[in-house]
file start_33.cif (mmCIF, C-alpha atoms)
data_protein
loop_
_atom_site.group_PDB
_atom_site.id
_atom_site.type_symbol
_atom_site.label_atom_id
_atom_site.label_comp_id
_atom_site.auth_asym_id
_atom_site.auth_seq_id
_atom_site.Cartn_x
_atom_site.Cartn_y
_atom_site.Cartn_z
ATOM 1 C CA MET C 23 6.022 8.650 8.077
ATOM 2 C CA ILE C 24 3.375 6.143 6.912
ATOM 3 C CA LYS C 25 -0.330 6.631 7.482
ATOM 4 C CA ILE C 26 -2.325 3.424 7.745
ATOM 5 C CA SER C 27 -6.097 3.922 7.787
ATOM 6 C CA ASP C 28 -8.242 2.303 10.475
ATOM 7 C CA ALA C 29 -9.718 -0.042 7.853
ATOM 8 C CA ALA C 30 -6.224 -1.123 6.727
ATOM 9 C CA GLN C 31 -5.119 -1.624 10.348
ATOM 10 C CA GLU C 32 -8.114 -3.889 10.970
ATOM 11 C CA HIS C 33 -7.299 -5.794 7.774
ATOM 12 C CA PHE C 34 -3.666 -6.307 8.840
ATOM 13 C CA VAL C 35 -4.685 -7.489 12.325
ATOM 14 C CA LYS C 36 -7.047 -10.027 10.723
ATOM 15 C CA LEU C 37 -4.357 -11.266 8.311
ATOM 16 C CA LEU C 38 -1.707 -11.458 11.037
ATOM 17 C CA SER C 39 -3.986 -13.508 13.290
ATOM 18 C CA ASN C 40 -3.390 -16.443 10.898
ATOM 19 C CA GLN C 41 0.419 -16.058 11.011
ATOM 20 C CA ALA C 42 3.064 -17.250 13.486
ATOM 21 C CA GLU C 43 3.292 -15.439 16.809
ATOM 22 C CA GLY C 44 5.268 -12.175 16.567
ATOM 23 C CA THR C 45 4.783 -11.707 12.815
ATOM 24 C CA ASN C 46 4.309 -8.099 11.733
ATOM 25 C CA ILE C 47 4.215 -6.401 8.351
ATOM 26 C CA ARG C 48 7.046 -4.929 6.355
ATOM 27 C CA VAL C 49 6.527 -1.893 4.117
ATOM 28 C CA PHE C 50 9.274 -1.436 1.532
ATOM 29 C CA VAL C 51 10.275 0.151 -1.757
ATOM 30 C CA VAL C 52 11.976 -1.867 -4.489
ATOM 31 C CA ASN C 53 14.315 0.217 -6.696
ATOM 32 C CA PRO C 54 13.777 3.367 -4.580
ATOM 33 C CA GLY C 55 14.463 6.683 -6.263
ATOM 34 C CA THR C 56 14.153 5.293 -9.793
ATOM 35 C CA ALA C 57 11.424 5.377 -12.437
ATOM 36 C CA SER C 58 10.779 1.672 -11.768
ATOM 37 C CA ALA C 59 10.266 2.107 -8.003
ATOM 38 C CA GLU C 60 7.483 -0.038 -6.518
ATOM 39 C CA CYS C 61 6.058 0.053 -3.008
ATOM 40 C CA GLY C 62 5.042 -3.196 -1.343
ATOM 41 C CA VAL C 63 3.832 -4.824 1.853
ATOM 42 C CA SER C 64 4.740 -8.312 3.078
ATOM 43 C CA TYR C 65 4.690 -10.410 6.232
ATOM 44 C CA CYS C 66 7.716 -9.971 8.463
ATOM 45 C CA PRO C 67 8.350 -12.905 10.815
ATOM 46 C CA PRO C 68 10.425 -12.199 13.947
ATOM 47 C CA ASP C 69 13.570 -13.771 12.458
ATOM 48 C CA ALA C 70 13.450 -11.369 9.464
ATOM 49 C CA VAL C 71 13.713 -8.200 11.570
ATOM 50 C CA GLU C 72 16.969 -6.333 10.889
ATOM 51 C CA PRO C 73 18.803 -4.276 13.556
ATOM 52 C CA ASP C 74 18.416 -1.022 11.581
ATOM 53 C CA ASP C 75 14.687 -1.501 10.810
ATOM 54 C CA ILE C 76 12.382 1.310 11.846
ATOM 55 C CA ARG C 77 9.423 0.018 13.875
ATOM 56 C CA LEU C 78 6.114 1.871 13.586
ATOM 57 C CA ASP C 79 3.562 0.725 16.144
ATOM 58 C CA PHE C 80 -0.097 0.560 15.175
ATOM 59 C CA ASN C 81 -3.250 -0.952 16.702
ATOM 60 C CA GLY C 82 -2.373 -4.619 17.306
ATOM 61 C CA PHE C 83 0.741 -4.862 15.098
ATOM 62 C CA SER C 84 3.921 -3.113 14.033
ATOM 63 C CA ALA C 85 5.033 -2.065 10.567
ATOM 64 C CA LEU C 86 8.748 -2.423 9.874
ATOM 65 C CA VAL C 87 10.605 -0.270 7.356
ATOM 66 C CA ASP C 88 14.192 -0.869 6.254
ATOM 67 C CA ALA C 89 16.536 2.107 6.507
ATOM 68 C CA ASP C 90 17.013 2.318 2.711
ATOM 69 C CA SER C 91 13.253 2.619 2.100
ATOM 70 C CA LYS C 92 12.567 5.152 4.868
ATOM 71 C CA PRO C 93 13.147 8.429 2.946
ATOM 72 C CA PHE C 94 11.117 7.136 0.005
ATOM 73 C CA LEU C 95 8.130 6.274 2.219
ATOM 74 C CA GLU C 96 7.642 9.807 3.574
ATOM 75 C CA ASP C 97 3.938 10.721 3.223
ATOM 76 C CA ALA C 98 3.027 7.145 2.215
ATOM 77 C CA GLU C 99 -0.552 6.027 2.843
ATOM 78 C CA ILE C 100 -2.049 2.559 3.087
ATOM 79 C CA ASP C 101 -5.802 2.069 2.943
ATOM 80 C CA PHE C 102 -8.200 -0.856 2.646
ATOM 81 C CA VAL C 103 -11.074 0.028 0.335
ATOM 82 C CA THR C 104 -14.287 -1.923 -0.172
ATOM 83 C CA ASP C 105 -16.712 -1.129 -2.997
ATOM 84 C CA GLN C 106 -19.098 -3.009 -5.286
ATOM 85 C CA MET C 107 -16.101 -4.544 -7.081
ATOM 86 C CA GLY C 108 -14.712 -6.045 -3.861
ATOM 87 C CA SER C 109 -11.945 -5.127 -1.432
ATOM 88 C CA GLN C 110 -8.380 -4.123 -2.014
ATOM 89 C CA LEU C 111 -5.378 -2.759 -0.195
ATOM 90 C CA THR C 112 -4.112 0.500 -1.724
ATOM 91 C CA LEU C 113 -0.614 1.887 -1.268
ATOM 92 C CA LYS C 114 0.295 5.429 -2.210
ATOM 93 C CA ALA C 115 3.933 6.397 -1.900
ATOM 94 C CA PRO C 116 4.388 9.736 -3.697
ATOM 95 C CA ASN C 117 8.097 9.859 -2.878
ATOM 96 C CA ALA C 118 9.027 6.300 -3.895
ATOM 97 C CA LYS C 119 10.437 7.315 -7.268
ATOM 98 C CA LEU C 120 12.048 10.518 -6.088
ATOM 99 C CA LYS C 121 13.205 11.427 -2.601
ATOM 100 C CA LYS C 122 11.185 14.348 -1.224
ATOM 101 C CA VAL C 123 13.143 17.559 -0.809
ATOM 102 C CA ALA C 124 12.930 19.714 2.305
ATOM 103 C CA ASP C 125 10.733 22.811 2.325
ATOM 104 C CA ASP C 126 13.857 24.929 2.812
ATOM 105 C CA ALA C 127 15.826 23.259 -0.019
ATOM 106 C CA PRO C 128 17.132 25.527 -2.807
ATOM 107 C CA LEU C 129 14.408 26.759 -5.174
ATOM 108 C CA PHE C 130 15.887 24.811 -8.118
ATOM 109 C CA ASP C 131 15.624 21.536 -6.157
ATOM 110 C CA ARG C 132 12.051 22.214 -5.038
ATOM 111 C CA VAL C 133 10.922 23.103 -8.585
ATOM 112 C CA ASN C 134 12.687 20.047 -10.009
ATOM 113 C CA TYR C 135 11.029 17.806 -7.410
ATOM 114 C CA PHE C 136 7.599 19.227 -8.320
ATOM 115 C CA LEU C 137 8.239 18.571 -12.025
ATOM 116 C CA GLN C 138 9.450 15.010 -11.469
ATOM 117 C CA ALA C 139 6.806 14.066 -8.889
ATOM 118 C CA GLU C 140 3.723 15.886 -10.219
ATOM 119 C CA VAL C 141 4.147 17.039 -13.824
ATOM 120 C CA ASN C 142 6.127 14.286 -15.555
ATOM 121 C CA PRO C 143 3.835 11.435 -14.459
ATOM 122 C CA GLN C 144 0.941 13.300 -16.115
ATOM 123 C CA LEU C 145 2.910 14.116 -19.256
ATOM 124 C CA ALA C 146 4.098 10.501 -19.491
ATOM 125 C CA GLY C 147 0.495 9.475 -20.198
ATOM 126 C CA HIS C 148 0.837 11.361 -23.495
ATOM 127 C CA GLY C 149 4.392 10.191 -24.188
ATOM 128 C CA GLY C 150 5.862 13.502 -23.037
ATOM 129 C CA GLU C 151 8.216 14.793 -20.412
ATOM 130 C CA CYS C 152 9.832 18.025 -19.290
ATOM 131 C CA SER C 153 13.046 18.941 -17.571
ATOM 132 C CA LEU C 154 14.165 22.009 -15.660
ATOM 133 C CA VAL C 155 16.769 24.043 -17.526
ATOM 134 C CA GLU C 156 17.119 26.834 -14.964
ATOM 135 C CA VAL C 157 15.415 29.148 -12.528
ATOM 136 C CA THR C 158 16.437 32.674 -13.518
ATOM 137 C CA ASP C 159 17.522 35.306 -11.001
ATOM 138 C CA ASP C 160 14.263 37.172 -11.646
ATOM 139 C CA GLY C 161 12.144 34.115 -10.770
ATOM 140 C CA TYR C 162 11.292 32.514 -14.112
ATOM 141 C CA VAL C 163 11.321 28.739 -14.461
ATOM 142 C CA VAL C 164 12.735 27.670 -17.833
ATOM 143 C CA LEU C 165 11.617 24.241 -19.074
ATOM 144 C CA GLN C 166 12.652 21.927 -21.902
ATOM 145 C CA PHE C 167 9.922 19.604 -23.212
ATOM 146 C CA GLY C 168 10.455 16.367 -25.103
ATOM 147 C CA GLY C 169 8.761 13.233 -26.362
ATOM 148 C CA GLY C 170 5.064 13.611 -27.109
ATOM 149 C CA CYS C 171 5.147 17.290 -26.082
ATOM 150 C CA ASN C 172 7.154 18.048 -29.193
ATOM 151 C CA GLY C 173 4.760 19.327 -31.837
ATOM 152 C CA CYS C 174 1.843 19.482 -29.385
ATOM 153 C CA SER C 175 -0.525 22.399 -29.962
ATOM 154 C CA GLN C 176 -1.583 22.385 -26.279
ATOM 155 C CA ILE C 177 1.855 23.153 -24.842
ATOM 156 C CA ASP C 178 0.969 26.779 -24.054
ATOM 157 C CA VAL C 179 -2.043 25.597 -22.037
ATOM 158 C CA THR C 180 0.129 23.051 -20.227
ATOM 159 C CA VAL C 181 2.750 25.679 -19.400
ATOM 160 C CA LYS C 182 0.528 28.636 -18.404
ATOM 161 C CA ASP C 183 -2.686 27.055 -17.063
ATOM 162 C CA GLY C 184 -1.032 23.966 -15.632
ATOM 163 C CA ILE C 185 2.584 24.170 -14.546
ATOM 164 C CA GLU C 186 2.906 27.934 -14.023
ATOM 165 C CA LYS C 187 -0.365 28.225 -12.106
ATOM 166 C CA GLN C 188 0.551 25.342 -9.777
ATOM 167 C CA LEU C 189 4.124 26.529 -9.172
ATOM 168 C CA ILE C 190 2.993 30.052 -8.271
ATOM 169 C CA GLU C 191 0.311 28.609 -5.993
ATOM 170 C CA ILE C 192 2.832 26.362 -4.208
ATOM 171 C CA MET C 193 5.881 28.643 -4.148
ATOM 172 C CA GLY C 194 4.240 32.072 -4.093
ATOM 173 C CA ASP C 195 6.421 35.090 -4.803
ATOM 174 C CA GLU C 196 9.508 32.970 -5.463
ATOM 175 C CA ILE C 197 8.167 32.178 -8.957
ATOM 176 C CA LYS C 198 7.160 34.894 -11.437
ATOM 177 C CA GLY C 199 6.339 32.610 -14.358
ATOM 178 C CA VAL C 200 7.292 29.663 -16.537
ATOM 179 C CA LYS C 201 8.980 29.813 -19.942
ATOM 180 C CA ASP C 202 9.370 27.083 -22.537
ATOM 181 C CA VAL C 203 12.617 26.932 -24.543
ATOM 182 C CA THR C 204 11.498 24.002 -26.687
ATOM 183 C CA GLU C 205 10.880 24.446 -30.384
ATOM 184 C CA HIS C 206 7.452 22.897 -30.976
ATOM 185 C CA GLN C 207 7.365 22.046 -34.670
ATOM 186 C CA ARG C 208 6.091 18.872 -36.229
ATOM 187 C CA GLY C 209 8.597 16.791 -38.103
ATOM 188 C CA GLU C 210 10.657 13.631 -38.099
ATOM 189 C CA HIS C 211 12.017 14.521 -34.665
ATOM 190 C CA SER C 212 8.525 14.487 -33.112
ATOM 191 C CA TYR C 213 7.653 11.615 -30.805
ATOM 192 C CA TYR C 214 4.484 10.612 -32.644
#

call {"tool": "encode", "arguments": {"input": "start_33.cif", "output": "structure tokens"}}
result
Amino acid sequence: MIKISDAAQEHFVKLLSNQAEGTNIRVFVVNPGTASAECGVSYCPPDAVEPDDIRLDFNGFSALVDADSKPFLEDAEIDFVTDQMGSQLTLKAPNAKLKKVADDAPLFDRVNYFLQAEVNPQLAGHGGECSLVEVTDDGYVVLQFGGGCNGCSQIDVTVKDGIEKQLIEIMGDEIKGVKDVTEHQRGEHSYY
């Protein structure tokens, strides 16, 4: 469920050596499944362990995860990185904002997950976003763009060279292409 690098494990063991006997770490997600989801790590003394916590044993310590956070911490990674700027603990939880869907989930759900987890975070940097309108019976993904994407001259590049290329690579023959139903004209309705 959670990968903790060797460097991060050593860091946790060092930190825990200064804590009360039996203290472990807790990995959690605040506001899981929402746009404001945040992943965190804290000390977990023995009296804070809940009966439904999931215990993950590592080298010299355990990581505890509450049942509500578990599905949102799938594929999470914790690392401890040192460079010329210093050292820092890094947490990556790609499913914190949106629960990962199974590989055998319906095509609509898998495409929607890809858009929400991979595409929209990139578009948000430009004030844009997209939503899935439908997946047609003949395998075309139909998208609706909004925000900063409205009036953008690069939308065709985003659709064909970005989203379509990635979806076909990931989902193979299930996807034939991507279509945009948005009217991209500048005007008062544009985001910028």

call {"tool": "closest_residue", "arguments": {"input": "start_33.cif", "among": "C:Gly82, C:Gly170, C:Pro143, C:Gly108", "to": "Val35 (chain C)", "atoms": "all atoms listed in the file"}}
result
C:Gly82

call {"tool": "resolve_selection", "arguments": {"input": "start_33.cif", "expression": "the PyMOL selection byres ((chain C and resi 139-141) around 12)", "output": "ChimeraX atom specification"}}
result
/C:55-57,115-123,131-138,142-148,150-154,165,167,180-181,184-186,188-189

call {"tool": "write_last_selection", "arguments": {"input": "start_33.cif", "atoms": "C-alpha atoms", "output": "PDB file, in the coordinates of the input"}}
result
ATOM      1  CA  GLY C  55      14.463   6.683  -6.263  1.00  0.00           C
ATOM      2  CA  THR C  56      14.153   5.293  -9.793  1.00  0.00           C
ATOM      3  CA  ALA C  57      11.424   5.377 -12.437  1.00  0.00           C
ATOM      4  CA  ALA C 115       3.933   6.397  -1.900  1.00  0.00           C
ATOM      5  CA  PRO C 116       4.388   9.736  -3.697  1.00  0.00           C
ATOM      6  CA  ASN C 117       8.097   9.859  -2.878  1.00  0.00           C
ATOM      7  CA  ALA C 118       9.027   6.300  -3.895  1.00  0.00           C
ATOM      8  CA  LYS C 119      10.437   7.315  -7.268  1.00  0.00           C
ATOM      9  CA  LEU C 120      12.048  10.518  -6.088  1.00  0.00           C
ATOM     10  CA  LYS C 121      13.205  11.427  -2.601  1.00  0.00           C
ATOM     11  CA  LYS C 122      11.185  14.348  -1.224  1.00  0.00           C
ATOM     12  CA  VAL C 123      13.143  17.559  -0.809  1.00  0.00           C
ATOM     13  CA  ASP C 131      15.624  21.536  -6.157  1.00  0.00           C
ATOM     14  CA  ARG C 132      12.051  22.214  -5.038  1.00  0.00           C
ATOM     15  CA  VAL C 133      10.922  23.103  -8.585  1.00  0.00           C
ATOM     16  CA  ASN C 134      12.687  20.047 -10.009  1.00  0.00           C
ATOM     17  CA  TYR C 135      11.029  17.806  -7.410  1.00  0.00           C
ATOM     18  CA  PHE C 136       7.599  19.227  -8.320  1.00  0.00           C
ATOM     19  CA  LEU C 137       8.239  18.571 -12.025  1.00  0.00           C
ATOM     20  CA  GLN C 138       9.450  15.010 -11.469  1.00  0.00           C
ATOM     21  CA  ASN C 142       6.127  14.286 -15.555  1.00  0.00           C
ATOM     22  CA  PRO C 143       3.835  11.435 -14.459  1.00  0.00           C
ATOM     23  CA  GLN C 144       0.941  13.300 -16.115  1.00  0.00           C
ATOM     24  CA  LEU C 145       2.910  14.116 -19.256  1.00  0.00           C
ATOM     25  CA  ALA C 146       4.098  10.501 -19.491  1.00  0.00           C
ATOM     26  CA  GLY C 147       0.495   9.475 -20.198  1.00  0.00           C
ATOM     27  CA  HIS C 148       0.837  11.361 -23.495  1.00  0.00           C
ATOM     28  CA  GLY C 150       5.862  13.502 -23.037  1.00  0.00           C
ATOM     29  CA  GLU C 151       8.216  14.793 -20.412  1.00  0.00           C
ATOM     30  CA  CYS C 152       9.832  18.025 -19.290  1.00  0.00           C
ATOM     31  CA  SER C 153      13.046  18.941 -17.571  1.00  0.00           C
ATOM     32  CA  LEU C 154      14.165  22.009 -15.660  1.00  0.00           C
ATOM     33  CA  LEU C 165      11.617  24.241 -19.074  1.00  0.00           C
ATOM     34  CA  PHE C 167       9.922  19.604 -23.212  1.00  0.00           C
ATOM     35  CA  THR C 180       0.129  23.051 -20.227  1.00  0.00           C
ATOM     36  CA  VAL C 181       2.750  25.679 -19.400  1.00  0.00           C
ATOM     37  CA  GLY C 184      -1.032  23.966 -15.632  1.00  0.00           C
ATOM     38  CA  ILE C 185       2.584  24.170 -14.546  1.00  0.00           C
ATOM     39  CA  GLU C 186       2.906  27.934 -14.023  1.00  0.00           C
ATOM     40  CA  GLN C 188       0.551  25.342  -9.777  1.00  0.00           C
ATOM     41  CA  LEU C 189       4.124  26.529  -9.172  1.00  0.00           C
TER      42      LEU C 189
END

call {"tool": "resolve_selection", "arguments": {"input": "start_33.cif", "expression": "the PyMOL selection byres ((chain C and resi 89) around 12)", "output": "JSON, numbers by chain"}}
result
{"C": [48, 49, 50, 51, 54, 71, 72, 73, 74, 75, 76, 77, 86, 87, 88, 90, 91, 92, 93, 94, 95]}

call {"tool": "atom_distance", "arguments": {"input": "start_33.cif", "atom1": "CA of Gln31 (chain C)", "atom2": "CA of Lys114 (chain C)"}}
result
15.4 Å

call {"tool": "residues_around", "arguments": {"input": "start_33.cif", "residues": "Ala70 (chain C)", "least_positions_apart": "3", "cutoff": "10 Å", "atoms": "all atoms listed in the file", "output": "ChimeraX atom specification"}}
result
/C:45-46,48,65-67,73

call {"tool": "atom_distance", "arguments": {"input": "start_33.cif", "atom1": "CA of Ser64 (chain C)", "atom2": "CA of Leu111 (chain C)"}}
result
12.0 Å

call {"tool": "closest_residue", "arguments": {"input": "start_33.cif", "among": "C:Gln176, C:Gly194, C:Phe83, C:Pro128", "to": "Gln41 (chain C)", "atoms": "all atoms listed in the file"}}
result
C:Phe83

call {"tool": "axis_aligned_box", "arguments": {"input": "start_33.cif", "around": "region 135-139 of chain C", "padding_each_side": "5 Å", "output": "AutoDock Vina command-line options"}}
result
--center_x 8.9 --center_y 16.6 --center_z -9.7 --size_x 14.2 --size_y 15.2 --size_z 14.6

call {"tool": "resolve_selection", "arguments": {"input": "start_33.cif", "expression": "the PyMOL selection byres ((chain C and resi 27) around 10)", "output": "list in words"}}
result
Ile24, Lys25, Ile26, Asp28, Ala29, Ala30, Gln31, Glu32, His33, Glu99, Ile100, Asp101, Phe102 and Val103 of chain C
